[in-house]
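S.K.: The following file, input_23.pdb, comprises PDB, C-alpha atoms, pLDDT in the B column:
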```
ATOM      1  CA  GLY Z   1     -25.004  -5.108   5.576  1.00 49.00           C
ATOM      2  CA  GLY Z   2     -21.285  -5.162   5.600  1.00 61.00           C
ATOM      3  CA  SER Z   3     -18.146  -4.100   7.371  1.00 78.00           C
ATOM      4  CA  GLY Z   4     -15.769  -1.743   5.743  1.00 89.00           C
ATOM      5  CA  PHE Z   5     -13.560   1.272   5.345  1.00 93.00           C
ATOM      6  CA  ARG Z   6     -14.133   4.658   3.751  1.00 93.00           C
ATOM      7  CA  ASP Z   7     -11.870   7.669   3.236  1.00 94.00           C
ATOM      8  CA  LYS Z   8     -10.551   9.930   0.506  1.00 94.00           C
ATOM      9  CA  ALA Z   9      -9.806   7.627  -2.423  1.00 94.00           C
ATOM     10  CA  ASP Z  10      -6.206   8.802  -2.759  1.00 94.00           C
ATOM     11  CA  VAL Z  11      -5.249   7.390   0.667  1.00 95.00           C
ATOM     12  CA  LEU Z  12      -6.945   3.989   0.382  1.00 96.00           C
ATOM     13  CA  GLU Z  13      -4.472   1.944  -1.666  1.00 96.00           C
ATOM     14  CA  SER Z  14      -2.823   0.020   1.191  1.00 95.00           C
ATOM     15  CA  THR Z  15      -6.204  -0.383   2.892  1.00 96.00           C
ATOM     16  CA  LEU Z  16      -7.784  -2.003  -0.176  1.00 96.00           C
ATOM     17  CA  PHE Z  17      -4.751  -4.255  -0.688  1.00 96.00           C
ATOM     18  CA  ARG Z  18      -4.887  -5.457   2.920  1.00 96.00           C
ATOM     19  CA  VAL Z  19      -8.659  -5.930   2.767  1.00 96.00           C
ATOM     20  CA  GLY Z  20      -7.984  -8.208  -0.203  1.00 96.00           C
ATOM     21  CA  ILE Z  21      -5.653 -10.288   1.976  1.00 96.00           C
ATOM     22  CA  ALA Z  22      -8.157 -10.389   4.854  1.00 95.00           C
ATOM     23  CA  SER Z  23     -11.034 -11.385   2.586  1.00 94.00           C
ATOM     24  CA  SER Z  24      -8.930 -14.201   1.126  1.00 95.00           C
ATOM     25  CA  LEU Z  25      -8.080 -15.568   4.555  1.00 94.00           C
ATOM     26  CA  ILE Z  26     -11.708 -15.346   5.676  1.00 93.00           C
ATOM     27  CA  SER Z  27     -12.920 -17.064   2.515  1.00 92.00           C
ATOM     28  CA  LYS Z  28     -10.375 -19.852   3.040  1.00 93.00           C
ATOM     29  CA  ALA Z  29     -11.531 -20.238   6.658  1.00 91.00           C
ATOM     30  CA  LEU Z  30     -15.205 -20.373   5.671  1.00 87.00           C
ATOM     31  CA  HIS Z  31     -14.727 -22.427   2.484  1.00 84.00           C
ATOM     32  CA  PRO Z  32     -16.926 -23.209   0.559  1.00 79.00           C
ATOM     33  CA  GLN Z  33     -18.753 -20.045   1.672  1.00 81.00           C
ATOM     34  CA  ASN Z  34     -17.577 -16.986  -0.233  1.00 83.00           C
ATOM     35  CA  ILE Z  35     -16.773 -13.446   0.806  1.00 89.00           C
ATOM     36  CA  GLY Z  36     -17.780 -10.383  -1.175  1.00 90.00           C
ATOM     37  CA  LEU Z  37     -15.966  -7.064  -1.545  1.00 93.00           C
ATOM     38  CA  MET Z  38     -17.821  -4.032  -2.810  1.00 93.00           C
ATOM     39  CA  VAL Z  39     -15.681  -1.016  -3.737  1.00 96.00           C
ATOM     40  CA  THR Z  40     -18.042   1.854  -3.037  1.00 92.00           C
ATOM     41  CA  ALA Z  41     -18.604   4.929  -0.916  1.00 87.00           C
ATOM     42  CA  SER Z  42     -22.367   4.844  -1.489  1.00 79.00           C
ATOM     43  CA  HIS Z  43     -23.717   8.379  -1.496  1.00 81.00           C
ATOM     44  CA  ASN Z  44     -20.628  10.113  -0.108  1.00 88.00           C
ATOM     45  CA  HIS Z  45     -18.599  12.753  -1.927  1.00 90.00           C
ATOM     46  CA  ILE Z  46     -17.105  11.724  -5.291  1.00 92.00           C
ATOM     47  CA  SER Z  47     -13.554  12.140  -3.919  1.00 93.00           C
ATOM     48  CA  ASP Z  48     -14.291   9.414  -1.344  1.00 94.00           C
ATOM     49  CA  ASN Z  49     -14.231   5.714  -1.879  1.00 95.00           C
ATOM     50  CA  GLY Z  50     -14.189   2.638   0.279  1.00 94.00           C
ATOM     51  CA  VAL Z  51     -14.817  -1.052   0.533  1.00 94.00           C
ATOM     52  CA  LYS Z  52     -17.554  -3.122   2.152  1.00 91.00           C
ATOM     53  CA  ILE Z  53     -16.756  -6.676   3.202  1.00 91.00           C
ATOM     54  CA  THR Z  54     -19.799  -8.921   3.113  1.00 84.00           C
ATOM     55  CA  SER Z  55     -20.816 -12.483   3.623  1.00 79.00           C
ATOM     56  CA  THR Z  56     -22.626 -13.965   0.670  1.00 65.00           C
ATOM     57  CA  ASP Z  57     -25.906 -13.985   2.563  1.00 66.00           C
ATOM     58  CA  GLY Z  58     -25.642 -10.251   3.128  1.00 66.00           C
ATOM     59  CA  ASN Z  59     -25.310 -10.542   6.889  1.00 70.00           C
ATOM     60  CA  LYS Z  60     -22.947  -8.362   8.838  1.00 74.00           C
ATOM     61  CA  LEU Z  61     -19.642  -9.960   9.806  1.00 84.00           C
ATOM     62  CA  ASP Z  62     -19.091 -10.927  13.431  1.00 87.00           C
ATOM     63  CA  THR Z  63     -17.854  -7.933  15.470  1.00 90.00           C
ATOM     64  CA  LYS Z  64     -14.759  -9.859  16.628  1.00 92.00           C
ATOM     65  CA  LEU Z  65     -13.932 -10.631  13.015  1.00 91.00           C
ATOM     66  CA  GLU Z  66     -14.425  -6.958  12.110  1.00 92.00           C
ATOM     67  CA  ALA Z  67     -11.950  -5.979  14.836  1.00 92.00           C
ATOM     68  CA  ALA Z  68      -9.394  -8.490  13.513  1.00 93.00           C
ATOM     69  CA  ILE Z  69      -9.764  -7.047  10.005  1.00 93.00           C
ATOM     70  CA  VAL Z  70      -9.230  -3.521  11.350  1.00 94.00           C
ATOM     71  CA  GLU Z  71      -6.074  -4.725  13.119  1.00 94.00           C
ATOM     72  CA  LEU Z  72      -4.756  -6.347   9.926  1.00 94.00           C
ATOM     73  CA  VAL Z  73      -5.449  -3.189   7.921  1.00 94.00           C
ATOM     74  CA  ASN Z  74      -3.987  -0.737  10.439  1.00 95.00           C
ATOM     75  CA  ASN Z  75      -0.926  -2.632  11.698  1.00 96.00           C
ATOM     76  CA  PRO Z  76       2.201  -1.083  10.097  1.00 96.00           C
ATOM     77  CA  ASP Z  77       3.910  -4.514  10.082  1.00 96.00           C
ATOM     78  CA  LEU Z  78       2.048  -6.556   7.449  1.00 94.00           C
ATOM     79  CA  ALA Z  79       3.759  -9.847   8.339  1.00 95.00           C
ATOM     80  CA  ALA Z  80       2.896  -9.446  12.030  1.00 96.00           C
ATOM     81  CA  ALA Z  81      -0.642  -8.405  11.082  1.00 95.00           C
ATOM     82  CA  CYS Z  82      -1.148 -11.558   9.003  1.00 94.00           C
ATOM     83  CA  THR Z  83       0.323 -13.775  11.730  1.00 94.00           C
ATOM     84  CA  GLY Z  84      -2.015 -12.176  14.267  1.00 94.00           C
ATOM     85  CA  PHE Z  85      -4.978 -12.637  11.959  1.00 93.00           C
ATOM     86  CA  LEU Z  86      -4.151 -16.339  11.484  1.00 93.00           C
ATOM     87  CA  SER Z  87      -3.933 -16.814  15.274  1.00 93.00           C
ATOM     88  CA  PHE Z  88      -7.253 -15.048  15.750  1.00 92.00           C
ATOM     89  CA  SER Z  89      -8.823 -17.146  12.982  1.00 90.00           C
ATOM     90  CA  LYS Z  90      -7.842 -20.367  14.725  1.00 89.00           C
ATOM     91  CA  GLU Z  91      -9.707 -19.193  17.827  1.00 90.00           C
ATOM     92  CA  MET Z  92     -12.710 -17.843  15.888  1.00 90.00           C
ATOM     93  CA  PHE Z  93     -13.218 -20.710  13.447  1.00 88.00           C
ATOM     94  CA  GLY Z  94     -11.973 -23.577  15.615  1.00 89.00           C
ATOM     95  CA  SER Z  95      -9.171 -24.722  13.339  1.00 89.00           C
ATOM     96  CA  GLU Z  96      -6.232 -23.412  11.382  1.00 91.00           C
ATOM     97  CA  ILE Z  97      -6.930 -21.919   7.980  1.00 92.00           C
ATOM     98  CA  ASP Z  98      -5.939 -24.248   5.168  1.00 93.00           C
ATOM     99  CA  LEU Z  99      -3.831 -21.839   3.135  1.00 93.00           C
ATOM    100  CA  GLY Z 100      -3.849 -24.287   0.221  1.00 94.00           C
ATOM    101  CA  VAL Z 101      -7.603 -23.904  -0.352  1.00 93.00           C
ATOM    102  CA  ARG Z 102      -8.450 -21.999  -3.569  1.00 91.00           C
ATOM    103  CA  ALA Z 103     -11.425 -20.132  -2.144  1.00 92.00           C
ATOM    104  CA  ASN Z 104     -13.491 -17.468  -3.905  1.00 91.00           C
ATOM    105  CA  VAL Z 105     -13.855 -13.743  -3.342  1.00 93.00           C
ATOM    106  CA  PHE Z 106     -16.540 -11.862  -5.269  1.00 92.00           C
ATOM    107  CA  ILE Z 107     -15.809  -8.243  -6.199  1.00 94.00           C
ATOM    108  CA  GLY Z 108     -18.016  -5.461  -7.452  1.00 94.00           C
ATOM    109  CA  ALA Z 109     -17.632  -1.700  -7.684  1.00 95.00           C
ATOM    110  CA  ASP Z 110     -19.604   1.460  -8.152  1.00 94.00           C
ATOM    111  CA  THR Z 111     -18.945   3.854 -11.035  1.00 93.00           C
ATOM    112  CA  ARG Z 112     -16.653   6.298  -9.233  1.00 94.00           C
ATOM    113  CA  PRO Z 113     -13.544   7.268 -11.213  1.00 94.00           C
ATOM    114  CA  THR Z 114     -11.254   5.621  -8.614  1.00 96.00           C
ATOM    115  CA  SER Z 115     -13.156   2.342  -8.229  1.00 96.00           C
ATOM    116  CA  GLU Z 116     -11.440   0.362 -10.999  1.00 95.00           C
ATOM    117  CA  HIS Z 117      -7.947   1.166  -9.688  1.00 96.00           C
ATOM    118  CA  LEU Z 118      -8.866   0.276  -6.099  1.00 96.00           C
ATOM    119  CA  LYS Z 119     -10.629  -2.885  -7.238  1.00 96.00           C
ATOM    120  CA  ALA Z 120      -7.480  -3.921  -9.132  1.00 96.00           C
ATOM    121  CA  LEU Z 121      -5.461  -3.622  -5.899  1.00 96.00           C
ATOM    122  CA  THR Z 122      -7.860  -5.942  -4.068  1.00 96.00           C
ATOM    123  CA  LYS Z 123      -7.726  -8.432  -6.935  1.00 97.00           C
ATOM    124  CA  THR Z 124      -3.911  -8.436  -6.827  1.00 97.00           C
ATOM    125  CA  ALA Z 125      -3.960  -9.200  -3.095  1.00 97.00           C
ATOM    126  CA  ILE Z 126      -6.661 -11.862  -3.450  1.00 97.00           C
ATOM    127  CA  GLU Z 127      -4.813 -13.684  -6.201  1.00 96.00           C
ATOM    128  CA  ALA Z 128      -1.439 -13.344  -4.416  1.00 96.00           C
ATOM    129  CA  SER Z 129      -3.128 -14.946  -1.384  1.00 95.00           C
ATOM    130  CA  GLY Z 130      -4.048 -18.003  -3.454  1.00 95.00           C
ATOM    131  CA  CYS Z 131      -7.735 -17.251  -3.941  1.00 96.00           C
ATOM    132  CA  ILE Z 132      -9.825 -16.776  -7.045  1.00 94.00           C
ATOM    133  CA  SER Z 133     -11.248 -13.298  -7.598  1.00 95.00           C
ATOM    134  CA  HIS Z 134     -14.541 -13.010  -9.444  1.00 92.00           C
ATOM    135  CA  ASP Z 135     -14.930  -9.492 -10.826  1.00 94.00           C
ATOM    136  CA  TYR Z 136     -18.548  -8.588 -11.535  1.00 93.00           C
ATOM    137  CA  GLY Z 137     -17.771  -5.082 -12.756  1.00 94.00           C
ATOM    138  CA  SER Z 138     -20.120  -2.230 -11.887  1.00 94.00           C
ATOM    139  CA  VAL Z 139     -22.889  -3.680  -9.731  1.00 92.00           C
ATOM    140  CA  THR Z 140     -24.859  -2.704  -6.657  1.00 89.00           C
ATOM    141  CA  THR Z 141     -24.117  -4.261  -3.266  1.00 84.00           C
ATOM    142  CA  PRO Z 142     -27.384  -6.299  -3.274  1.00 84.00           C
ATOM    143  CA  ILE Z 143     -26.515  -7.726  -6.702  1.00 86.00           C
ATOM    144  CA  LEU Z 144     -23.066  -8.743  -5.432  1.00 84.00           C
ATOM    145  CA  HIS Z 145     -24.751 -10.536  -2.464  1.00 78.00           C
ATOM    146  CA  HIS Z 146     -27.032 -12.345  -4.877  1.00 80.00           C
ATOM    147  CA  LEU Z 147     -24.209 -13.455  -7.184  1.00 79.00           C
ATOM    148  CA  GLY Z 148     -22.161 -14.755  -4.252  1.00 73.00           C
ATOM    149  CA  SER Z 149     -25.064 -16.583  -2.631  1.00 72.00           C
ATOM    150  CA  GLU Z 150     -26.117 -18.195  -5.935  1.00 71.00           C
ATOM    151  CA  SER Z 151     -22.570 -19.435  -6.459  1.00 67.00           C
ATOM    152  CA  PHE Z 152     -22.467 -20.868  -2.925  1.00 58.00           C
ATOM    153  CA  PHE Z 153     -25.843 -22.559  -3.463  1.00 54.00           C
ATOM    154  CA  LEU Z 154     -24.736 -24.071  -6.763  1.00 55.00           C
ATOM    155  CA  SER Z 155     -21.479 -25.342  -5.216  1.00 57.00           C
ATOM    156  CA  LYS Z 156     -23.531 -27.272  -2.639  1.00 55.00           C
ATOM    157  CA  LEU Z 157     -25.386 -29.068  -5.457  1.00 51.00           C
ATOM    158  CA  SER Z 158     -22.277 -30.445  -7.118  1.00 50.00           C
TER     159      SER Z 158
END
```
Reformat the file's structure so that it appears as structure tokens.
M.R.:
Amino acid sequence: GGSGFRDKADVLESTLFRVGIASSLISKALHPQNIGLMVTASHNHISDNGVKITSTDGNKLDTKLEAAIVELVNNPDLAAACTGFLSFSKEMFGSEIDLGVRANVFIGADTRPTSEHLKALTKTAIEASGCISHDYGSVTTPILHHLGSESFFLSKLS
């Protein structure tokens, strides 16, 4: 399961960049839990692409959190969108996000011709937001869930 966006690949650049920002903020809020991003349009037309945002356990994100991500992605004013997302996060998670946390975002992609470019945009946003991106290359969504959950499990042991 996962939340996400899908459209023609040639119109998704700003969407994937902003999803990178949102995933970083969510990962910081939920630290040490990780967030996963899967660049894929599943079995849709080859000219499509998209991104699924997942928790490491594979569960669907909270519907209020999904709505906040949609607002961040669609708001023409990126600064206002981020400020709004931070305000929402304080309500949702019960405290302010520690922007200094170096949280993790796991990224995978399908083999579509546009996936590598779109994945690079998310990685740029993730790293600019102060998070660590873990690129697992071409993987399936279930494999990405597994990699993220194993990492979370191992972090709890140390």
S.K.: Which residues come within 7 Å of region 17-28 of chain Z, counting only C-alpha atoms, excluding same-chain residues fewer than 5 positions away, as a list in words?
M.R.: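 Once the nearby chain positions are removed, what remains is Gln33, Asn34, Ile35, Ile69, Val73, Ile97, Asp98, Leu99, Val101, Ala103, Asn104, Val105, Leu121, Thr122, Lys123, Ala125, Ile126, Ser129 and Cys131 of chain Z.
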S.K.: Quick one: of Z:Gly108, Z:Leu65, Z:Ala41, Z:Glu150, who's nearest to Ser87 (chain Z), counting only C-alpha atoms?
M.R.: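 Of Z:Gly108, Z:Leu65, Z:Ala41, Z:Glu150, the one nearest Ser87 (chain Z), counting only C-alpha atoms, is Z:Leu65.
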S.K.: With 3 Å added on each side, what axis-aligned box encloses every listed atom of region 59-69 of chain Z? Give the centre and edge lengths in Å to one decimal, as lines of an AutoDock Vina configuration file.
M.R.:
```
center_x = -17.4
center_y = -8.5
center_z = 11.8
size_x = 21.9
size_y = 10.9
size_z = 15.7
```
S.K.: Would you compute the distance between CA of Val51 (chain Z) and CA of Ile107 (chain Z)? Give it in Å to one decimal.
M.R.: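 Computed distance, CA of Val51 (chain Z) to CA of Ile107 (chain Z), equals 9.9 Å.
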S.K.: For this structure, which residues satisfy the selection - the PyMOL selection byres ((chain Z and resi 42) around 12) - when it is evaluated on the file as given? I want them as a ChimeraX atom specification.
M.R.: /Z:4-7,38-41,43-52,109-112,115,139-141
S.K.: How far is it from CA of Glu71 (chain Z) to CA of Thr124 (chain Z), in Å with one decimal?
M.R.: 20.4 Å
S.K.: Can you measure CA of Leu144 (chain Z) to CA of Glu116 (chain Z) for me? One decimal in Å is fine.
M.R.: 15.8 Å
S.K.: Expanded to explicit residues, what is the PyMOL selection byres ((chain Z and resi 55) around 10) for this file, as a ChimeraX atom specification?
M.R.: /Z:1-3,23,26-27,30,33-37,53-54,56-61,105-106,145,148-149
S.K.: Please determine, counting all atoms listed in the file, which residue among Z:Leu16, Z:Val11, Z:Ile143, Z:Val70 has the shortest atom-to-atom distance to Lys119 (chain Z).
M.R.: Z:Leu16
S.K.: Exactly which residues make up the result of the PyMOL selection byres ((chain Z and resi 88) around 12) on this file, given as an MDAnalysis selection string?
M.R.: chainID Z and resid 22 25:26 29 64:69 71:72 81:87 89:97
S.K.: Rank nothing, just name the residue among Z:Gly137, Z:Gly130, Z:Pro32, Z:Pro142 nearest to Gly100 (chain Z), using all atoms listed in the file.
M.R.: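 So, comparing all the options, the nearest one is Z:Gly130.
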S.K.: Can region 133-152 of chain Z be brought up to N, CA, C and O atoms and written out as a short mmCIF file (atom, residue, chain, number, x, y, z; two decimals), in the frame of the given file?
M.R.:
```cif
data_model
loop_
_atom_site.label_atom_id
_atom_site.label_comp_id
_atom_site.auth_asym_id
_atom_site.auth_seq_id
_atom_site.Cartn_x
_atom_site.Cartn_y
_atom_site.Cartn_z
N SER Z 133 -10.41 -14.50 -7.64
CA SER Z 133 -11.25 -13.30 -7.60
C SER Z 133 -12.24 -13.37 -8.75
O SER Z 133 -11.88 -13.73 -9.87
N HIS Z 134 -13.47 -13.05 -8.44
CA HIS Z 134 -14.54 -13.01 -9.44
C HIS Z 134 -15.00 -11.57 -9.55
O HIS Z 134 -15.65 -11.05 -8.64
N ASP Z 135 -14.64 -10.91 -10.63
CA ASP Z 135 -14.93 -9.49 -10.83
C ASP Z 135 -16.24 -9.34 -11.59
O ASP Z 135 -16.35 -9.72 -12.75
N TYR Z 136 -17.23 -8.78 -10.92
CA TYR Z 136 -18.55 -8.59 -11.54
C TYR Z 136 -18.75 -7.18 -12.06
O TYR Z 136 -19.87 -6.81 -12.39
N GLY Z 137 -17.67 -6.41 -12.16
CA GLY Z 137 -17.77 -5.08 -12.76
C GLY Z 137 -18.57 -4.12 -11.91
O GLY Z 137 -18.56 -4.18 -10.69
N SER Z 138 -19.30 -3.23 -12.58
CA SER Z 138 -20.12 -2.23 -11.89
C SER Z 138 -21.46 -2.85 -11.53
O SER Z 138 -22.28 -3.12 -12.41
N VAL Z 139 -21.65 -3.10 -10.24
CA VAL Z 139 -22.89 -3.68 -9.73
C VAL Z 139 -23.25 -2.99 -8.42
O VAL Z 139 -22.41 -2.32 -7.82
N THR Z 140 -24.46 -3.20 -7.97
CA THR Z 140 -24.86 -2.70 -6.66
C THR Z 140 -24.49 -3.75 -5.60
O THR Z 140 -24.28 -4.92 -5.93
N THR Z 141 -24.44 -3.33 -4.35
CA THR Z 141 -24.12 -4.26 -3.27
C THR Z 141 -25.13 -5.41 -3.20
O THR Z 141 -24.72 -6.57 -3.07
N PRO Z 142 -26.45 -5.16 -3.30
CA PRO Z 142 -27.38 -6.30 -3.27
C PRO Z 142 -27.16 -7.30 -4.41
O PRO Z 142 -27.31 -8.51 -4.22
N ILE Z 143 -26.79 -6.82 -5.59
CA ILE Z 143 -26.52 -7.73 -6.70
C ILE Z 143 -25.29 -8.58 -6.39
O ILE Z 143 -25.26 -9.79 -6.66
N LEU Z 144 -24.26 -7.98 -5.80
CA LEU Z 144 -23.07 -8.74 -5.43
C LEU Z 144 -23.43 -9.84 -4.42
O LEU Z 144 -22.98 -10.97 -4.54
N HIS Z 145 -24.28 -9.52 -3.42
CA HIS Z 145 -24.75 -10.54 -2.46
C HIS Z 145 -25.43 -11.68 -3.21
O HIS Z 145 -25.18 -12.86 -2.94
N HIS Z 146 -26.28 -11.33 -4.13
CA HIS Z 146 -27.03 -12.34 -4.88
C HIS Z 146 -26.09 -13.25 -5.68
O HIS Z 146 -26.23 -14.48 -5.64
N LEU Z 147 -25.15 -12.66 -6.39
CA LEU Z 147 -24.21 -13.46 -7.18
C LEU Z 147 -23.39 -14.41 -6.31
O LEU Z 147 -23.20 -15.57 -6.65
N GLY Z 148 -22.93 -13.91 -5.16
CA GLY Z 148 -22.16 -14.76 -4.25
C GLY Z 148 -22.99 -15.86 -3.65
O GLY Z 148 -22.55 -17.01 -3.55
N SER Z 149 -24.23 -15.55 -3.25
CA SER Z 149 -25.06 -16.58 -2.63
C SER Z 149 -25.50 -17.63 -3.65
O SER Z 149 -25.58 -18.81 -3.33
N GLU Z 150 -25.77 -17.23 -4.89
CA GLU Z 150 -26.12 -18.20 -5.94
C GLU Z 150 -24.95 -19.13 -6.20
O GLU Z 150 -25.14 -20.33 -6.36
N SER Z 151 -23.75 -18.61 -6.23
CA SER Z 151 -22.57 -19.43 -6.46
C SER Z 151 -22.39 -20.44 -5.33
O SER Z 151 -22.10 -21.61 -5.55
N PHE Z 152 -22.59 -19.98 -4.08
CA PHE Z 152 -22.47 -20.87 -2.92
C PHE Z 152 -23.52 -21.97 -3.00
O PHE Z 152 -23.24 -23.14 -2.81
#
```
